[in-house]
Structure formats: structure tokens, C-alpha cells
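Here is the file upload-v2.cif (mmCIF, C-alpha atoms).
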data_work
loop_
_atom_site.label_atom_id
_atom_site.label_comp_id
_atom_site.auth_asym_id
_atom_site.auth_seq_id
_atom_site.Cartn_x
_atom_site.Cartn_y
_atom_site.Cartn_z
CA MET A 1 17.05 -28.78 -35.19
CA GLU A 2 20.56 -28.11 -36.50
CA ARG A 3 22.91 -30.51 -34.63
CA VAL A 4 21.45 -33.97 -34.05
CA VAL A 5 22.98 -36.91 -32.19
CA ILE A 6 21.44 -40.35 -32.77
CA LEU A 7 22.10 -43.06 -30.18
CA GLY A 8 20.79 -46.57 -29.59
CA ARG A 9 21.49 -50.25 -29.40
CA GLY A 10 23.42 -51.93 -32.21
CA GLY A 11 21.08 -52.93 -35.01
CA ALA A 12 18.46 -50.32 -34.10
CA GLY A 13 18.82 -48.50 -37.41
CA LYS A 14 20.74 -45.40 -36.38
CA SER A 15 22.45 -45.02 -39.77
CA THR A 16 19.20 -45.60 -41.65
CA LEU A 17 17.48 -42.97 -39.50
CA ALA A 18 20.35 -40.53 -40.05
CA THR A 19 20.10 -40.97 -43.82
CA ARG A 20 16.31 -40.49 -43.84
CA LEU A 21 16.47 -37.52 -41.51
CA GLY A 22 19.26 -35.99 -43.56
CA THR A 23 17.14 -36.30 -46.69
CA ALA A 24 14.11 -34.78 -44.93
CA THR A 25 15.99 -31.86 -43.36
CA GLY A 26 18.94 -31.25 -45.66
CA LEU A 27 21.34 -31.67 -42.73
CA PRO A 28 24.66 -33.36 -43.59
CA VAL A 29 25.09 -36.84 -42.10
CA ILE A 30 28.26 -37.91 -40.29
CA GLU A 31 28.40 -41.68 -39.74
CA LEU A 32 30.70 -42.04 -36.75
CA ASP A 33 31.52 -45.71 -37.42
CA LYS A 34 33.40 -44.63 -40.55
CA HIS A 35 35.61 -42.32 -38.49
CA PHE A 36 36.03 -44.53 -35.42
CA TRP A 37 36.91 -48.05 -36.58
CA GLY A 38 40.29 -48.75 -38.15
CA PRO A 39 40.91 -51.07 -41.14
CA GLU A 40 41.14 -54.14 -38.88
CA LEU A 41 38.15 -52.97 -36.81
CA GLU A 42 40.39 -51.60 -34.08
CA PRO A 43 38.81 -48.79 -32.07
CA THR A 44 40.29 -45.29 -32.08
CA PRO A 45 41.92 -44.53 -28.70
CA HIS A 46 39.83 -42.33 -26.40
CA ASP A 47 42.14 -39.30 -26.54
CA LEU A 48 42.28 -39.30 -30.32
CA TRP A 49 38.53 -40.03 -30.59
CA SER A 50 37.80 -36.89 -28.55
CA ILE A 51 39.90 -34.83 -30.96
CA VAL A 52 38.30 -36.39 -34.07
CA GLN A 53 34.79 -35.80 -32.73
CA GLY A 54 35.67 -32.24 -31.78
CA GLU A 55 36.69 -31.59 -35.39
CA LEU A 56 33.56 -33.29 -36.76
CA ALA A 57 31.31 -31.30 -34.41
CA THR A 58 32.68 -27.86 -35.32
CA GLY A 59 30.09 -27.40 -38.08
CA ASP A 60 26.88 -25.52 -37.45
CA ARG A 61 24.63 -28.18 -39.01
CA TRP A 62 24.96 -31.97 -38.85
CA ILE A 63 23.51 -35.32 -37.88
CA MET A 64 25.91 -37.68 -36.11
CA ASP A 65 24.82 -41.25 -35.80
CA GLY A 66 26.60 -43.83 -33.76
CA ASP A 67 26.71 -45.47 -30.38
CA LEU A 68 30.12 -46.97 -29.83
CA GLY A 69 29.31 -48.54 -26.48
CA PRO A 70 32.19 -48.74 -24.03
CA HIS A 71 34.59 -47.22 -26.57
CA ASP A 72 32.67 -43.97 -26.92
CA VAL A 73 33.39 -40.45 -25.70
CA LEU A 74 29.86 -39.03 -25.76
CA GLU A 75 30.36 -35.67 -24.12
CA VAL A 76 32.13 -34.14 -27.13
CA ARG A 77 29.18 -34.43 -29.51
CA LEU A 78 26.48 -34.14 -26.85
CA ALA A 79 27.86 -30.77 -25.77
CA ARG A 80 27.23 -29.41 -29.28
CA ALA A 81 23.87 -31.12 -29.89
CA ASP A 82 20.57 -29.30 -29.90
CA THR A 83 18.62 -32.54 -30.48
CA VAL A 84 19.23 -36.09 -29.25
CA LEU A 85 17.36 -39.06 -30.68
CA LEU A 86 17.53 -42.26 -28.64
CA LEU A 87 16.38 -45.45 -30.33
CA ASP A 88 15.23 -47.69 -27.48
CA TYR A 89 14.12 -50.71 -29.50
CA SER A 90 13.79 -54.25 -28.19
CA PHE A 91 16.63 -56.76 -28.22
CA PRO A 92 14.87 -59.16 -30.64
CA ARG A 93 14.27 -56.38 -33.19
CA CYS A 94 17.87 -55.14 -33.02
CA ALA A 95 19.37 -58.63 -33.00
CA TRP A 96 17.38 -59.58 -36.10
CA ARG A 97 18.48 -56.44 -37.92
CA ALA A 98 22.11 -57.02 -36.90
CA LEU A 99 21.96 -60.61 -38.14
CA LEU A 100 20.63 -59.45 -41.51
CA ARG A 101 23.28 -56.75 -41.80
CA SER A 102 26.54 -58.61 -41.18
CA ARG A 103 28.55 -60.95 -39.04
CA GLU A 104 29.41 -59.41 -35.71
CA THR A 105 31.88 -60.15 -32.92
CA ALA A 106 31.10 -61.66 -29.54
CA ASP A 107 31.81 -58.26 -27.96
CA PHE A 108 29.15 -56.69 -30.18
CA TRP A 109 26.57 -59.28 -29.12
CA ARG A 110 27.38 -58.84 -25.42
CA TRP A 111 26.89 -55.09 -25.84
CA VAL A 112 23.60 -55.50 -27.75
CA TRP A 113 22.31 -58.02 -25.20
CA SER A 114 23.12 -55.84 -22.16
CA TRP A 115 22.45 -52.43 -23.76
CA ARG A 116 19.16 -51.66 -22.00
CA ARG A 117 20.50 -52.68 -18.59
CA LYS A 118 24.04 -51.26 -18.84
CA SER A 119 24.43 -48.79 -21.69
CA ARG A 120 21.07 -47.01 -21.66
CA PRO A 121 21.49 -45.68 -18.10
CA LEU A 122 24.98 -44.44 -19.00
CA LEU A 123 23.60 -42.73 -22.10
CA GLN A 124 20.79 -41.11 -20.14
CA ASN A 125 23.26 -39.80 -17.56
CA ALA A 126 25.57 -38.48 -20.29
CA ILE A 127 22.67 -36.76 -22.03
CA ALA A 128 21.56 -35.12 -18.78
CA ALA A 129 25.12 -34.03 -17.94
CA HIS A 130 26.29 -32.83 -21.37
CA ALA A 131 23.19 -32.07 -23.44
CA GLY A 132 20.92 -30.50 -20.86
CA ASN A 133 19.68 -27.87 -23.30
CA ALA A 134 19.11 -30.33 -26.14
CA ARG A 135 15.69 -31.65 -26.97
CA LEU A 136 15.55 -35.40 -26.25
CA HIS A 137 13.29 -37.75 -28.21
CA VAL A 138 13.10 -41.40 -27.13
CA PHE A 139 11.64 -43.79 -29.70
CA ARG A 140 10.54 -47.27 -28.71
CA SER A 141 9.37 -48.40 -32.15
CA PRO A 142 10.24 -47.85 -35.80
CA ARG A 143 6.71 -46.55 -36.34
CA ALA A 144 7.21 -43.74 -33.81
CA THR A 145 10.55 -42.92 -35.40
CA ALA A 146 9.00 -42.82 -38.90
CA ARG A 147 6.29 -40.42 -37.65
CA PHE A 148 8.98 -38.11 -36.30
CA VAL A 149 10.91 -38.14 -39.60
CA ALA A 150 7.68 -37.47 -41.55
CA GLN A 151 7.07 -34.38 -39.40
CA GLN A 152 10.49 -33.00 -40.35
CA SER A 153 9.80 -32.86 -44.09
#
Kindly present the structure from the file in C-alpha cells form.
Amino acid sequence: MERVVILGRGGAGKSTLATRLGTATGLPVIELDKHFWGPELEPTPHDLWSIVQGELATGDRWIMDGDLGPHDVLEVRLARADTVLLLDYSFPRCAWRALLRSRETADFWRWVWSWRRKSRPLLQNAIAAHAGNARLHVFRSPRATARFVAQQS
């Protein structure tokens, strides 16, 4: 496990998982939100986002966490990944975590609400198309995720 992509619904804990996994494995963590959103929370245009991700993914070892919903260009990082972690947690769990974390926009809430129905199938197709050789782990609970992280130490 050298190049890890973490995906999942907003509020699932992708950044927390990346930090814990980075500590357990020594892999550097790249939080995509910090590279994607502008100062006024404007998204990076698709063409530029592909270039930025390409530069971020050139390293031999990393963990990239982030699921940018309809704004994302997944294939760039998936093509370099050897491991994909998909956090498939319930809406109530993710909504509660998102509420505790910060105020979010209506667009964010629409994405979180419809993630399992709309975004998850798109993610699964992108993973199959661009990360066919990567090992895929789907976690449906924080407990299962914690067990995985503990095994990496």
C-alpha cells in the first residue's frame, strides 16, 4: 500500500481516516480540499484540477483524501492508486458529523443526501474503469475502518 485514495460521502471522516492511516503507515497525506477550493469556496475548474492532481499524484507514496462530488476529476488519482478506500457510511452518521464540523451549503447537503443513490455508482464505475489493479476496500462502519487501520500499524 503506497498510493491510497480515500472516497466517501461528505462527513464520513475521510480526512480523519487519512490522518490516522498516515500515522500508522508513514505515508504522506494530501488533503484534496485544501488544493481544490478557492478562498471564497469556489471550485477549481476541471481542466486545472486535472493538472493539479497530476502534479500531486507524481509521488511514489501518498494518501489522497477527498470526494469532491460533481466537481471532481477522479481518473487522475485513481489511475495512480494501488489502494482505494470507500467509506460507505449511512446518511444519518455523515449528516451528524457534518453538522458538528461546520456550516455547509445547500449544494453540500443535496450531495450528501443523494450520495448513495447518485455518487456511489459513479465512484464505483470510475474505480472499475481507472483503478482496476488497485485493491478496493469498502467500509460500512467506523468500526470496520478502525480495524483496517489497526492492521496497518
Practice problem: Go through A:Ala57, A:Leu122, A:Ala24, A:Ala18 and flag the residue nearest Asp82 of chain A, using only C-alpha atoms for the distances. | Solution: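 Of the candidates, the smallest distance to Asp82 of chain A is held by A:Ala57.
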Self-check item: Option closest in space to Asp65 of chain A, from A:Val5, A:Lys118, A:Leu85, A:Phe108 [counting all atoms listed in the file]
Solution: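 Ranked by minimum distance to Asp65 of chain A, first place goes to A:Val5.
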Practice problem: Give me the residues within 12 Å of Gln151 of chain A as a ChimeraX atom specification, counting only C-alpha atoms and dropping any in the same chain fewer than 3 places off. | Solution: /A:20-21,24-25,144-148
Quiz item: Using all atoms listed in the file, can you list as a PyMOL selection string the residues within 10 Å of (13.2, -39.9, -23.4)?
Solution: chain A and resi 84-88+124+135-140
Exercise. Return as an NGL selection string the set of residues that the PyMOL selection byres ((chain A and resi 46) around 8) yields on the displayed structure.
Key: :A and (44-45 or 47-50 or 71-73)
Quiz item: Mind pulling up the distance from atom CA of Pro142 of chain A to atom CA of Lys34 of chain A?
Solution: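 Atom-to-atom, atom CA of Lys34 of chain A and atom CA of Pro142 of chain A are spaced 23.9 Å apart.
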If you count only C-alpha atoms, which residues fall within 9 Å of segment 93-107 of chain A, apart from same-chain ones fewer than 4 positions away, as a short mmCIF file (atom, residue, chain, number, x, y, z; two decimals) with C-alpha atoms, in the frame of the given file?
data_model
loop_
_atom_site.label_atom_id
_atom_site.label_comp_id
_atom_site.auth_asym_id
_atom_site.auth_seq_id
_atom_site.Cartn_x
_atom_site.Cartn_y
_atom_site.Cartn_z
CA ARG A 9 21.49 -50.25 -29.40
CA GLY A 10 23.42 -51.93 -32.21
CA GLY A 11 21.08 -52.93 -35.01
CA ALA A 12 18.46 -50.32 -34.10
CA GLY A 13 18.82 -48.50 -37.41
CA TYR A 89 14.12 -50.71 -29.50
CA TRP A 111 26.89 -55.09 -25.84
CA VAL A 112 23.60 -55.50 -27.75
CA TRP A 113 22.31 -58.02 -25.20
#
Practice problem: Return the single residue from A:Ile127, A:Leu32, A:Leu27, A:Val76 that is closest to Thr58 of chain A, with distances computed using all atoms listed in the file. | Solution: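 Distance minimum relative to Thr58 of chain A lands on A:Val76.
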Exercise. Return the single residue from A:Leu123, A:Ala134, A:Val29, A:Leu68 that is closest to Met1 of chain A, with distances computed using all atoms listed in the file.
Key: A:Ala134
Self-check item: Distance query Asp33 of chain A at most 10 Å, only C-alpha atoms, self and fewer than 5 positions along chain excluded, as a PyMOL selection string
Solution: chain A and resi 15+38+41+43+64-68
Quiz prompt | Which residue of A:Ser114, A:Asn125, A:Thr83, A:Ser141 approaches Ile63 of chain A most closely, using all atoms listed in the file | solution = A:Thr83
Quiz item: Can you tell me how far atom CA of Pro121 of chain A sits from atom CA of Arg77 of chain A, in Å to one decimal?
Solution: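 Separation of atom CA of Pro121 of chain A and atom CA of Arg77 of chain A: 17.8 Å.
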Self-check item: Atomic distance atom CA of Asp60 of chain A - atom CA of Arg3 of chain A, expressed in Å with one decimal
Solution: 7.0 Å
Self-check item: Nearest to Ala81 of chain A, chosen from A:Arg110, A:Arg116, A:His130, A:His35, with all atoms listed in the file counted in the distances
Solution: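 When distances to Ala81 of chain A are compared using all atoms listed in the file, the smallest one comes from A:His130.
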